[in-house]
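Peer 1: The structure under discussion is supplied below as structure tokens; questions concerning it will follow.
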Amino acid sequence: MELIQSFSVDHTRIVPGIFTSRVDRLGEYSVTTYDIRLKRPNREPVIDVAAMHSLEHIIATYLRNDKDWKDEVVYWGPMGCLTGFYLILKGDRAPQDLYPLLLAAFKAVDDATEVPGATAVNCGYFRMHNLEMAKWYANEFVSYLEANEANPAIFEYPHTERLVTDDGNNFFDS
């Protein structure tokens, strides 16, 4: 089975940031999946599940209400590894173009007084939220983004090299 594109990223070298994960062409349109990485995979603790759930609700609500971006948003949701989120947008923009939007979205978490949609009617597990921890993670990411705005590493995936040996075996070199 062929390895999917997101597994070609060298997770031993990825840093928090905003990355293009993949671009899918759908006829004349394109849809881009962005990796919004808050944690260094396998090197620091992942995001608390309840806080991740709260961040999902708050930022999804923010993005789908932003006057300039709401019609472009297809999806916002957590990664299974709990180190970040996927953002799927119509079109194909450079990760740097999303910097102001995501910085504002994560800053908005600090202003939240409640988690939107955190009721039994609106949410699959409404008891699993932690607003205060969501604010902590959001503030940590905001500080990181602001301190690294000029660092190209927060916008460029570190890819693994896939070499094929003479006998046809894959050799992975990061």
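We label chains A, B, ... in the order they appear in the structure tokens, count residues from 1 in each chain, and number ligands from 1 in the order shown.
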Residues of chain A classed as strand (DSSP E) by DSSP on the backbone are to be reported as a PyMOL selection string.
Peer 2: chain A and resi 17-26+29-37+73-78+84-90+161-164+170-173
Peer 1: Create the file for the chosen residues now, containing N, CA and C atoms and written as a short mmCIF file (atom, residue, chain, number, x, y, z; two decimals), in the first residue's frame.
Peer 2:
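Output file part16.cif follows:
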```cif
data_model
loop_
_atom_site.label_atom_id
_atom_site.label_comp_id
_atom_site.auth_asym_id
_atom_site.auth_seq_id
_atom_site.Cartn_x
_atom_site.Cartn_y
_atom_site.Cartn_z
N GLY A 17 3.51 25.34 13.57
CA GLY A 17 3.40 26.28 12.45
C GLY A 17 2.18 26.04 11.61
N ILE A 18 2.20 26.63 10.41
CA ILE A 18 1.10 26.58 9.46
C ILE A 18 1.66 26.03 8.16
N PHE A 19 1.21 24.85 7.76
CA PHE A 19 1.80 24.16 6.62
C PHE A 19 0.73 23.73 5.62
N THR A 20 1.10 23.68 4.35
CA THR A 20 0.23 23.08 3.35
C THR A 20 0.45 21.58 3.41
N SER A 21 -0.61 20.85 3.71
CA SER A 21 -0.54 19.40 3.78
C SER A 21 -0.76 18.78 2.41
N ARG A 22 -1.78 19.26 1.71
CA ARG A 22 -2.07 18.75 0.36
C ARG A 22 -2.99 19.71 -0.36
N VAL A 23 -2.93 19.66 -1.69
CA VAL A 23 -3.83 20.43 -2.54
C VAL A 23 -4.52 19.43 -3.47
N ASP A 24 -5.84 19.44 -3.43
CA ASP A 24 -6.62 18.56 -4.29
C ASP A 24 -7.31 19.40 -5.36
N ARG A 25 -7.13 19.01 -6.60
CA ARG A 25 -7.78 19.69 -7.71
C ARG A 25 -9.10 18.98 -8.00
N LEU A 26 -10.17 19.75 -8.01
CA LEU A 26 -11.50 19.22 -8.29
C LEU A 26 -12.04 19.96 -9.50
N TYR A 29 -11.65 23.80 -9.70
CA TYR A 29 -11.47 24.27 -8.33
C TYR A 29 -10.37 23.49 -7.63
N SER A 30 -9.88 24.06 -6.56
CA SER A 30 -8.94 23.33 -5.71
C SER A 30 -9.37 23.49 -4.25
N VAL A 31 -9.01 22.50 -3.48
CA VAL A 31 -9.27 22.49 -2.04
C VAL A 31 -7.93 22.17 -1.39
N THR A 32 -7.56 22.97 -0.41
CA THR A 32 -6.26 22.79 0.24
C THR A 32 -6.44 22.42 1.70
N THR A 33 -5.70 21.40 2.11
CA THR A 33 -5.67 20.99 3.51
C THR A 33 -4.42 21.57 4.13
N TYR A 34 -4.61 22.30 5.22
CA TYR A 34 -3.50 22.90 5.95
C TYR A 34 -3.32 22.17 7.28
N ASP A 35 -2.10 22.00 7.67
CA ASP A 35 -1.70 21.42 8.94
C ASP A 35 -1.39 22.59 9.87
N ILE A 36 -2.20 22.76 10.89
CA ILE A 36 -1.99 23.82 11.87
C ILE A 36 -1.43 23.11 13.10
N ARG A 37 -0.12 23.10 13.21
CA ARG A 37 0.57 22.29 14.21
C ARG A 37 0.91 23.12 15.44
N VAL A 73 -14.11 28.37 4.13
CA VAL A 73 -13.86 27.29 5.09
C VAL A 73 -14.70 26.07 4.74
N VAL A 74 -14.01 24.93 4.58
CA VAL A 74 -14.67 23.66 4.36
C VAL A 74 -14.69 22.86 5.66
N TYR A 75 -13.59 22.90 6.40
CA TYR A 75 -13.49 22.05 7.60
C TYR A 75 -12.41 22.58 8.53
N TRP A 76 -12.65 22.46 9.82
CA TRP A 76 -11.66 22.70 10.87
C TRP A 76 -11.83 21.58 11.88
N GLY A 77 -10.78 20.83 12.16
CA GLY A 77 -10.91 19.74 13.12
C GLY A 77 -9.57 19.24 13.61
N PRO A 78 -9.57 18.50 14.71
CA PRO A 78 -8.34 18.05 15.34
C PRO A 78 -7.66 16.89 14.61
N GLY A 84 -2.26 19.05 16.74
CA GLY A 84 -2.70 20.20 15.96
C GLY A 84 -4.04 19.96 15.31
N PHE A 85 -4.33 20.78 14.30
CA PHE A 85 -5.61 20.76 13.61
C PHE A 85 -5.41 20.72 12.11
N TYR A 86 -6.45 20.30 11.41
CA TYR A 86 -6.50 20.43 9.96
C TYR A 86 -7.51 21.51 9.63
N LEU A 87 -7.12 22.37 8.70
CA LEU A 87 -8.00 23.39 8.16
C LEU A 87 -8.09 23.13 6.66
N ILE A 88 -9.29 22.94 6.17
CA ILE A 88 -9.49 22.74 4.74
C ILE A 88 -10.21 23.96 4.19
N LEU A 89 -9.60 24.56 3.17
CA LEU A 89 -10.14 25.76 2.55
C LEU A 89 -10.32 25.57 1.06
N LYS A 90 -11.28 26.27 0.49
CA LYS A 90 -11.39 26.34 -0.96
C LYS A 90 -10.19 27.14 -1.46
N GLU A 161 13.32 11.96 2.95
CA GLU A 161 13.82 11.49 1.66
C GLU A 161 13.47 10.02 1.55
N ARG A 162 12.96 9.61 0.41
CA ARG A 162 12.63 8.21 0.18
C ARG A 162 13.53 7.68 -0.92
N LEU A 163 14.56 7.03 -0.52
CA LEU A 163 15.49 6.44 -1.48
C LEU A 163 15.13 4.97 -1.68
N VAL A 164 15.31 4.49 -2.87
CA VAL A 164 15.07 3.08 -3.16
C VAL A 164 16.42 2.44 -3.39
N ASN A 170 12.76 0.29 0.34
CA ASN A 170 12.72 1.70 0.69
C ASN A 170 13.71 1.97 1.82
N PHE A 171 14.45 3.06 1.67
CA PHE A 171 15.37 3.51 2.70
C PHE A 171 14.93 4.92 3.07
N PHE A 172 14.60 5.14 4.32
CA PHE A 172 14.13 6.44 4.75
C PHE A 172 15.27 7.18 5.45
N ASP A 173 15.54 8.37 4.99
CA ASP A 173 16.59 9.18 5.57
C ASP A 173 16.01 10.54 5.86
#
```
Peer 1: So that I can see what lies close to Asp68 (chain A), please list as a list in words the residues with an atom at most 12 Å from it, counting only C-alpha atoms and leaving out residues fewer than 4 positions away in the same chain.
Peer 2: Tyr62, Leu63, Arg64, Glu72, Val73, Leu98, Pro100 and Leu101 of chain A
Peer 1: Residues of the last selection are to be written out with N, CA and C atoms, as a PDB file, in the first residue's frame.
Peer 2:
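Heads up, here's the output in again-v5.pdb:
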```pdb
ATOM      1  N   TYR A  62     -15.238  30.726  15.094  1.00  0.00           N
ATOM      2  CA  TYR A  62     -14.572  31.957  14.657  1.00  0.00           C
ATOM      3  C   TYR A  62     -14.386  31.968  13.137  1.00  0.00           C
ATOM      4  N   LEU A  63     -13.819  30.876  12.606  1.00  0.00           N
ATOM      5  CA  LEU A  63     -13.521  30.824  11.174  1.00  0.00           C
ATOM      6  C   LEU A  63     -14.784  30.923  10.329  1.00  0.00           C
ATOM      7  N   ARG A  64     -15.847  30.274  10.769  1.00  0.00           N
ATOM      8  CA  ARG A  64     -17.081  30.252   9.979  1.00  0.00           C
ATOM      9  C   ARG A  64     -17.900  31.529  10.143  1.00  0.00           C
ATOM     10  N   GLU A  72     -14.893  30.413   2.491  1.00  0.00           N
ATOM     11  CA  GLU A  72     -13.769  29.585   2.033  1.00  0.00           C
ATOM     12  C   GLU A  72     -13.567  28.351   2.904  1.00  0.00           C
ATOM     13  N   VAL A  73     -14.107  28.371   4.126  1.00  0.00           N
ATOM     14  CA  VAL A  73     -13.862  27.291   5.090  1.00  0.00           C
ATOM     15  C   VAL A  73     -14.705  26.066   4.742  1.00  0.00           C
ATOM     16  N   LEU A  98      -2.326  32.638   5.554  1.00  0.00           N
ATOM     17  CA  LEU A  98      -3.259  32.290   6.620  1.00  0.00           C
ATOM     18  C   LEU A  98      -2.797  32.793   7.986  1.00  0.00           C
ATOM     19  N   PRO A 100      -2.311  35.804   9.421  1.00  0.00           N
ATOM     20  CA  PRO A 100      -3.140  36.781  10.161  1.00  0.00           C
ATOM     21  C   PRO A 100      -4.473  36.194  10.639  1.00  0.00           C
ATOM     22  N   LEU A 101      -5.095  35.376   9.796  1.00  0.00           N
ATOM     23  CA  LEU A 101      -6.368  34.758  10.162  1.00  0.00           C
ATOM     24  C   LEU A 101      -6.205  33.848  11.371  1.00  0.00           C
TER      25      LEU A 101
END
```
Peer 1: With a cut-off of 12 Å, could you pull out the residues of region 82-169 of chain A touching region 39-60 of chain A and give me the nearest pair of atoms for each, distance in Å to one decimal, using only C-alpha atoms, ordered by chain and ascending number, as CSV?
Peer 2:
```
residue,atom,partner,partner_atom,distance
A:Leu82,CA,A:Val46,CA,5.4
A:Thr83,CA,A:Lys39,CA,4.9
A:Gly84,CA,A:Lys39,CA,6.6
A:Phe85,CA,A:Glu56,CA,8.1
A:Tyr86,CA,A:Glu56,CA,10.1
A:Leu87,CA,A:Ala60,CA,9.3
A:Ile88,CA,A:Ala60,CA,11.2
A:Leu101,CA,A:Ile59,CA,10.6
A:Leu102,CA,A:Ile59,CA,8.8
A:Leu103,CA,A:Ile59,CA,10.8
A:Ala104,CA,A:Ile59,CA,9.8
A:Ala105,CA,A:Ile59,CA,5.9
A:Phe106,CA,A:Ile59,CA,7.0
A:Lys107,CA,A:Ile59,CA,9.8
A:Ala108,CA,A:Ile59,CA,8.0
A:Val109,CA,A:Ile58,CA,6.5
A:Asp110,CA,A:Ile58,CA,10.0
A:Asp111,CA,A:Ile58,CA,10.2
A:Ala112,CA,A:Ile58,CA,7.7
A:Thr113,CA,A:Ile58,CA,10.3
A:Glu114,CA,A:Ile58,CA,8.7
A:Val115,CA,A:Ile58,CA,6.1
A:Pro116,CA,A:His57,CA,6.1
A:Gly117,CA,A:His57,CA,7.0
A:Ala118,CA,A:His57,CA,8.0
A:Thr119,CA,A:His57,CA,11.4
A:Asn122,CA,A:His57,CA,10.5
A:Cys123,CA,A:His57,CA,9.3
A:Gly124,CA,A:His53,CA,10.6
A:Tyr125,CA,A:His53,CA,9.3
A:Phe126,CA,A:His53,CA,9.2
A:Arg127,CA,A:Ala50,CA,8.7
A:Met128,CA,A:Ala50,CA,5.0
A:His129,CA,A:Ala50,CA,4.4
A:Asn130,CA,A:Ala51,CA,4.8
A:Leu131,CA,A:Ser54,CA,6.1
A:Glu132,CA,A:Ala51,CA,7.8
A:Met133,CA,A:Ala51,CA,5.4
A:Ala134,CA,A:Ala51,CA,4.4
A:Lys135,CA,A:Leu55,CA,8.1
A:Trp136,CA,A:Ala51,CA,8.9
A:Tyr137,CA,A:Ile47,CA,7.6
A:Ala138,CA,A:Leu55,CA,7.8
A:Asn139,CA,A:Leu55,CA,11.5
A:Glu140,CA,A:Lys39,CA,10.0
A:Phe141,CA,A:Lys39,CA,8.7
A:Tyr144,CA,A:Lys39,CA,10.5
A:Ile154,CA,A:Arg40,CA,11.4
```
Peer 1: Quick one: DSSP alpha helix (DSSP H) residues in chain A, as a PDB file with N, CA, C and O atoms, in the first residue's frame?
Peer 2:
```pdb
ATOM      1  N   VAL A  49      -7.196  16.446  25.680  1.00  0.00           N
ATOM      2  CA  VAL A  49      -8.357  16.127  24.845  1.00  0.00           C
ATOM      3  C   VAL A  49      -9.505  17.124  25.049  1.00  0.00           C
ATOM      4  O   VAL A  49     -10.101  17.602  24.072  1.00  0.00           O
ATOM      5  N   ALA A  50      -9.838  17.436  26.271  1.00  0.00           N
ATOM      6  CA  ALA A  50     -10.946  18.362  26.530  1.00  0.00           C
ATOM      7  C   ALA A  50     -10.622  19.762  26.021  1.00  0.00           C
ATOM      8  O   ALA A  50     -11.492  20.456  25.470  1.00  0.00           O
ATOM      9  N   ALA A  51      -9.372  20.189  26.166  1.00  0.00           N
ATOM     10  CA  ALA A  51      -8.964  21.495  25.648  1.00  0.00           C
ATOM     11  C   ALA A  51      -8.992  21.498  24.125  1.00  0.00           C
ATOM     12  O   ALA A  51      -9.423  22.474  23.500  1.00  0.00           O
ATOM     13  N   MET A  52      -8.562  20.382  23.511  1.00  0.00           N
ATOM     14  CA  MET A  52      -8.584  20.253  22.051  1.00  0.00           C
ATOM     15  C   MET A  52     -10.014  20.380  21.536  1.00  0.00           C
ATOM     16  O   MET A  52     -10.275  21.057  20.539  1.00  0.00           O
ATOM     17  N   HIS A  53     -10.943  19.736  22.233  1.00  0.00           N
ATOM     18  CA  HIS A  53     -12.354  19.790  21.860  1.00  0.00           C
ATOM     19  C   HIS A  53     -12.872  21.230  21.942  1.00  0.00           C
ATOM     20  O   HIS A  53     -13.568  21.711  21.039  1.00  0.00           O
ATOM     21  N   SER A  54     -12.502  21.935  23.002  1.00  0.00           N
ATOM     22  CA  SER A  54     -12.931  23.329  23.156  1.00  0.00           C
ATOM     23  C   SER A  54     -12.315  24.214  22.077  1.00  0.00           C
ATOM     24  O   SER A  54     -13.002  25.076  21.509  1.00  0.00           O
ATOM     25  N   LEU A  55     -11.024  24.006  21.782  1.00  0.00           N
ATOM     26  CA  LEU A  55     -10.377  24.767  20.707  1.00  0.00           C
ATOM     27  C   LEU A  55     -11.079  24.509  19.374  1.00  0.00           C
ATOM     28  O   LEU A  55     -11.268  25.434  18.576  1.00  0.00           O
ATOM     29  N   GLU A  56     -11.451  23.256  19.135  1.00  0.00           N
ATOM     30  CA  GLU A  56     -12.164  22.926  17.896  1.00  0.00           C
ATOM     31  C   GLU A  56     -13.446  23.743  17.787  1.00  0.00           C
ATOM     32  O   GLU A  56     -13.708  24.367  16.750  1.00  0.00           O
ATOM     33  N   HIS A  57     -14.251  23.756  18.831  1.00  0.00           N
ATOM     34  CA  HIS A  57     -15.527  24.487  18.806  1.00  0.00           C
ATOM     35  C   HIS A  57     -15.314  25.994  18.636  1.00  0.00           C
ATOM     36  O   HIS A  57     -15.979  26.625  17.811  1.00  0.00           O
ATOM     37  N   ILE A  58     -14.421  26.554  19.427  1.00  0.00           N
ATOM     38  CA  ILE A  58     -14.223  28.014  19.425  1.00  0.00           C
ATOM     39  C   ILE A  58     -13.660  28.495  18.089  1.00  0.00           C
ATOM     40  O   ILE A  58     -14.158  29.455  17.495  1.00  0.00           O
ATOM     41  N   ILE A  59     -12.626  27.818  17.603  1.00  0.00           N
ATOM     42  CA  ILE A  59     -11.982  28.282  16.369  1.00  0.00           C
ATOM     43  C   ILE A  59     -12.840  27.977  15.146  1.00  0.00           C
ATOM     44  O   ILE A  59     -12.912  28.796  14.219  1.00  0.00           O
ATOM     45  N   ALA A  60     -13.529  26.837  15.131  1.00  0.00           N
ATOM     46  CA  ALA A  60     -14.452  26.563  14.020  1.00  0.00           C
ATOM     47  C   ALA A  60     -15.513  27.652  13.944  1.00  0.00           C
ATOM     48  O   ALA A  60     -15.844  28.137  12.851  1.00  0.00           O
ATOM     49  N   THR A  61     -16.035  28.050  15.089  1.00  0.00           N
ATOM     50  CA  THR A  61     -17.045  29.108  15.131  1.00  0.00           C
ATOM     51  C   THR A  61     -16.450  30.427  14.639  1.00  0.00           C
ATOM     52  O   THR A  61     -17.070  31.154  13.853  1.00  0.00           O
ATOM     53  N   TYR A  62     -15.238  30.726  15.094  1.00  0.00           N
ATOM     54  CA  TYR A  62     -14.572  31.957  14.657  1.00  0.00           C
ATOM     55  C   TYR A  62     -14.386  31.968  13.137  1.00  0.00           C
ATOM     56  O   TYR A  62     -14.740  32.938  12.459  1.00  0.00           O
ATOM     57  N   LEU A  63     -13.819  30.876  12.606  1.00  0.00           N
ATOM     58  CA  LEU A  63     -13.521  30.824  11.174  1.00  0.00           C
ATOM     59  C   LEU A  63     -14.784  30.923  10.329  1.00  0.00           C
ATOM     60  O   LEU A  63     -14.790  31.589   9.288  1.00  0.00           O
ATOM     61  N   PRO A  95       0.774  29.132   3.000  1.00  0.00           N
ATOM     62  CA  PRO A  95       0.529  29.133   4.448  1.00  0.00           C
ATOM     63  C   PRO A  95       0.708  30.512   5.082  1.00  0.00           C
ATOM     64  O   PRO A  95      -0.018  30.865   6.009  1.00  0.00           O
ATOM     65  N   GLN A  96       1.647  31.297   4.557  1.00  0.00           N
ATOM     66  CA  GLN A  96       1.877  32.637   5.096  1.00  0.00           C
ATOM     67  C   GLN A  96       0.628  33.507   4.978  1.00  0.00           C
ATOM     68  O   GLN A  96       0.415  34.395   5.804  1.00  0.00           O
ATOM     69  N   ASP A  97      -0.199  33.255   3.967  1.00  0.00           N
ATOM     70  CA  ASP A  97      -1.421  34.035   3.774  1.00  0.00           C
ATOM     71  C   ASP A  97      -2.448  33.786   4.880  1.00  0.00           C
ATOM     72  O   ASP A  97      -3.325  34.604   5.109  1.00  0.00           O
ATOM     73  N   LEU A  98      -2.326  32.638   5.554  1.00  0.00           N
ATOM     74  CA  LEU A  98      -3.259  32.290   6.620  1.00  0.00           C
ATOM     75  C   LEU A  98      -2.797  32.793   7.986  1.00  0.00           C
ATOM     76  O   LEU A  98      -3.570  32.745   8.946  1.00  0.00           O
ATOM     77  N   TYR A  99      -1.570  33.251   8.061  1.00  0.00           N
ATOM     78  CA  TYR A  99      -0.996  33.684   9.336  1.00  0.00           C
ATOM     79  C   TYR A  99      -1.891  34.699  10.064  1.00  0.00           C
ATOM     80  O   TYR A  99      -2.235  34.479  11.234  1.00  0.00           O
ATOM     81  N   PRO A 100      -2.311  35.804   9.421  1.00  0.00           N
ATOM     82  CA  PRO A 100      -3.140  36.781  10.161  1.00  0.00           C
ATOM     83  C   PRO A 100      -4.473  36.194  10.639  1.00  0.00           C
ATOM     84  O   PRO A 100      -4.919  36.478  11.750  1.00  0.00           O
ATOM     85  N   LEU A 101      -5.095  35.376   9.796  1.00  0.00           N
ATOM     86  CA  LEU A 101      -6.368  34.758  10.162  1.00  0.00           C
ATOM     87  C   LEU A 101      -6.205  33.848  11.371  1.00  0.00           C
ATOM     88  O   LEU A 101      -6.976  33.937  12.336  1.00  0.00           O
ATOM     89  N   LEU A 102      -5.217  32.977  11.333  1.00  0.00           N
ATOM     90  CA  LEU A 102      -5.046  32.022  12.425  1.00  0.00           C
ATOM     91  C   LEU A 102      -4.548  32.689  13.699  1.00  0.00           C
ATOM     92  O   LEU A 102      -4.954  32.309  14.796  1.00  0.00           O
ATOM     93  N   LEU A 103      -3.717  33.692  13.561  1.00  0.00           N
ATOM     94  CA  LEU A 103      -3.290  34.441  14.736  1.00  0.00           C
ATOM     95  C   LEU A 103      -4.510  35.082  15.406  1.00  0.00           C
ATOM     96  O   LEU A 103      -4.678  34.979  16.624  1.00  0.00           O
ATOM     97  N   ALA A 104      -5.377  35.697  14.615  1.00  0.00           N
ATOM     98  CA  ALA A 104      -6.590  36.321  15.168  1.00  0.00           C
ATOM     99  C   ALA A 104      -7.526  35.270  15.773  1.00  0.00           C
ATOM    100  O   ALA A 104      -8.121  35.498  16.835  1.00  0.00           O
ATOM    101  N   ALA A 105      -7.657  34.121  15.116  1.00  0.00           N
ATOM    102  CA  ALA A 105      -8.543  33.066  15.621  1.00  0.00           C
ATOM    103  C   ALA A 105      -8.067  32.553  16.972  1.00  0.00           C
ATOM    104  O   ALA A 105      -8.867  32.385  17.900  1.00  0.00           O
ATOM    105  N   PHE A 106      -6.769  32.305  17.096  1.00  0.00           N
ATOM    106  CA  PHE A 106      -6.250  31.808  18.375  1.00  0.00           C
ATOM    107  C   PHE A 106      -6.261  32.893  19.449  1.00  0.00           C
ATOM    108  O   PHE A 106      -6.463  32.601  20.623  1.00  0.00           O
ATOM    109  N   LYS A 107      -6.084  34.144  19.056  1.00  0.00           N
ATOM    110  CA  LYS A 107      -6.210  35.242  20.029  1.00  0.00           C
ATOM    111  C   LYS A 107      -7.647  35.343  20.531  1.00  0.00           C
ATOM    112  O   LYS A 107      -7.885  35.671  21.695  1.00  0.00           O
ATOM    113  N   ALA A 108      -8.609  35.064  19.665  1.00  0.00           N
ATOM    114  CA  ALA A 108     -10.026  35.161  20.039  1.00  0.00           C
ATOM    115  C   ALA A 108     -10.404  34.135  21.103  1.00  0.00           C
ATOM    116  O   ALA A 108     -11.369  34.348  21.851  1.00  0.00           O
ATOM    117  N   VAL A 109      -9.657  33.060  21.199  1.00  0.00           N
ATOM    118  CA  VAL A 109      -9.950  32.048  22.221  1.00  0.00           C
ATOM    119  C   VAL A 109      -9.867  32.676  23.607  1.00  0.00           C
ATOM    120  O   VAL A 109     -10.677  32.383  24.491  1.00  0.00           O
ATOM    121  N   LEU A 131     -12.354  25.046  28.861  1.00  0.00           N
ATOM    122  CA  LEU A 131     -12.115  26.377  28.319  1.00  0.00           C
ATOM    123  C   LEU A 131     -10.820  26.984  28.825  1.00  0.00           C
ATOM    124  O   LEU A 131     -10.066  27.579  28.055  1.00  0.00           O
ATOM    125  N   GLU A 132     -10.541  26.839  30.106  1.00  0.00           N
ATOM    126  CA  GLU A 132      -9.319  27.456  30.652  1.00  0.00           C
ATOM    127  C   GLU A 132      -8.054  26.853  30.042  1.00  0.00           C
ATOM    128  O   GLU A 132      -7.107  27.565  29.719  1.00  0.00           O
ATOM    129  N   MET A 133      -8.035  25.535  29.865  1.00  0.00           N
ATOM    130  CA  MET A 133      -6.868  24.910  29.230  1.00  0.00           C
ATOM    131  C   MET A 133      -6.803  25.270  27.743  1.00  0.00           C
ATOM    132  O   MET A 133      -5.721  25.456  27.188  1.00  0.00           O
ATOM    133  N   ALA A 134      -7.952  25.405  27.099  1.00  0.00           N
ATOM    134  CA  ALA A 134      -7.972  25.833  25.700  1.00  0.00           C
ATOM    135  C   ALA A 134      -7.331  27.213  25.569  1.00  0.00           C
ATOM    136  O   ALA A 134      -6.542  27.461  24.650  1.00  0.00           O
ATOM    137  N   LYS A 135      -7.648  28.092  26.508  1.00  0.00           N
ATOM    138  CA  LYS A 135      -7.046  29.424  26.498  1.00  0.00           C
ATOM    139  C   LYS A 135      -5.535  29.340  26.685  1.00  0.00           C
ATOM    140  O   LYS A 135      -4.774  30.058  26.031  1.00  0.00           O
ATOM    141  N   TRP A 136      -5.107  28.455  27.567  1.00  0.00           N
ATOM    142  CA  TRP A 136      -3.667  28.300  27.816  1.00  0.00           C
ATOM    143  C   TRP A 136      -2.947  27.853  26.546  1.00  0.00           C
ATOM    144  O   TRP A 136      -1.938  28.436  26.150  1.00  0.00           O
ATOM    145  N   TYR A 137      -3.476  26.822  25.878  1.00  0.00           N
ATOM    146  CA  TYR A 137      -2.849  26.335  24.638  1.00  0.00           C
ATOM    147  C   TYR A 137      -2.899  27.394  23.538  1.00  0.00           C
ATOM    148  O   TYR A 137      -1.935  27.556  22.777  1.00  0.00           O
ATOM    149  N   ALA A 138      -4.007  28.099  23.428  1.00  0.00           N
ATOM    150  CA  ALA A 138      -4.128  29.137  22.412  1.00  0.00           C
ATOM    151  C   ALA A 138      -3.109  30.247  22.651  1.00  0.00           C
ATOM    152  O   ALA A 138      -2.441  30.700  21.715  1.00  0.00           O
ATOM    153  N   ASN A 139      -2.966  30.683  23.896  1.00  0.00           N
ATOM    154  CA  ASN A 139      -1.987  31.727  24.217  1.00  0.00           C
ATOM    155  C   ASN A 139      -0.560  31.262  23.942  1.00  0.00           C
ATOM    156  O   ASN A 139       0.272  32.036  23.456  1.00  0.00           O
ATOM    157  N   GLU A 140      -0.291  29.996  24.235  1.00  0.00           N
ATOM    158  CA  GLU A 140       1.035  29.445  23.953  1.00  0.00           C
ATOM    159  C   GLU A 140       1.318  29.493  22.447  1.00  0.00           C
ATOM    160  O   GLU A 140       2.403  29.890  22.019  1.00  0.00           O
ATOM    161  N   PHE A 141       0.334  29.108  21.641  1.00  0.00           N
ATOM    162  CA  PHE A 141       0.509  29.106  20.186  1.00  0.00           C
ATOM    163  C   PHE A 141       0.629  30.527  19.643  1.00  0.00           C
ATOM    164  O   PHE A 141       1.462  30.795  18.777  1.00  0.00           O
ATOM    165  N   VAL A 142      -0.172  31.453  20.148  1.00  0.00           N
ATOM    166  CA  VAL A 142      -0.077  32.857  19.729  1.00  0.00           C
ATOM    167  C   VAL A 142       1.320  33.398  20.007  1.00  0.00           C
ATOM    168  O   VAL A 142       1.940  34.015  19.136  1.00  0.00           O
ATOM    169  N   SER A 143       1.831  33.165  21.200  1.00  0.00           N
ATOM    170  CA  SER A 143       3.176  33.645  21.551  1.00  0.00           C
ATOM    171  C   SER A 143       4.221  33.060  20.616  1.00  0.00           C
ATOM    172  O   SER A 143       5.135  33.758  20.166  1.00  0.00           O
ATOM    173  N   TYR A 144       4.082  31.771  20.327  1.00  0.00           N
ATOM    174  CA  TYR A 144       5.023  31.096  19.431  1.00  0.00           C
ATOM    175  C   TYR A 144       4.954  31.695  18.024  1.00  0.00           C
ATOM    176  O   TYR A 144       5.982  31.999  17.418  1.00  0.00           O
ATOM    177  N   LEU A 145       3.740  31.856  17.493  1.00  0.00           N
ATOM    178  CA  LEU A 145       3.597  32.421  16.149  1.00  0.00           C
ATOM    179  C   LEU A 145       4.176  33.828  16.071  1.00  0.00           C
ATOM    180  O   LEU A 145       4.877  34.162  15.112  1.00  0.00           O
ATOM    181  N   GLU A 146       3.881  34.641  17.061  1.00  0.00           N
ATOM    182  CA  GLU A 146       4.391  36.020  17.051  1.00  0.00           C
ATOM    183  C   GLU A 146       5.913  36.048  17.129  1.00  0.00           C
ATOM    184  O   GLU A 146       6.557  36.844  16.451  1.00  0.00           O
ATOM    185  N   ALA A 147       6.501  35.174  17.924  1.00  0.00           N
ATOM    186  CA  ALA A 147       7.960  35.140  18.066  1.00  0.00           C
ATOM    187  C   ALA A 147       8.651  34.574  16.825  1.00  0.00           C
ATOM    188  O   ALA A 147       9.829  34.844  16.603  1.00  0.00           O
TER     189      ALA A 147
END
```
Peer 1: What is the distance, in Å and to one decimal place, between CA of His11 (chain A) and CA of Ala150 (chain A)?
Peer 2: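 Computing the Euclidean distance for CA of His11 (chain A) and CA of Ala150 (chain A) yields 21.6 Å.
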Peer 1: Report, in Å to a single decimal, how far apart CA of Cys81 (chain A) and CA of Val9 (chain A) are.
Peer 2: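 Here the two named atoms are 14.0 Å from each other.
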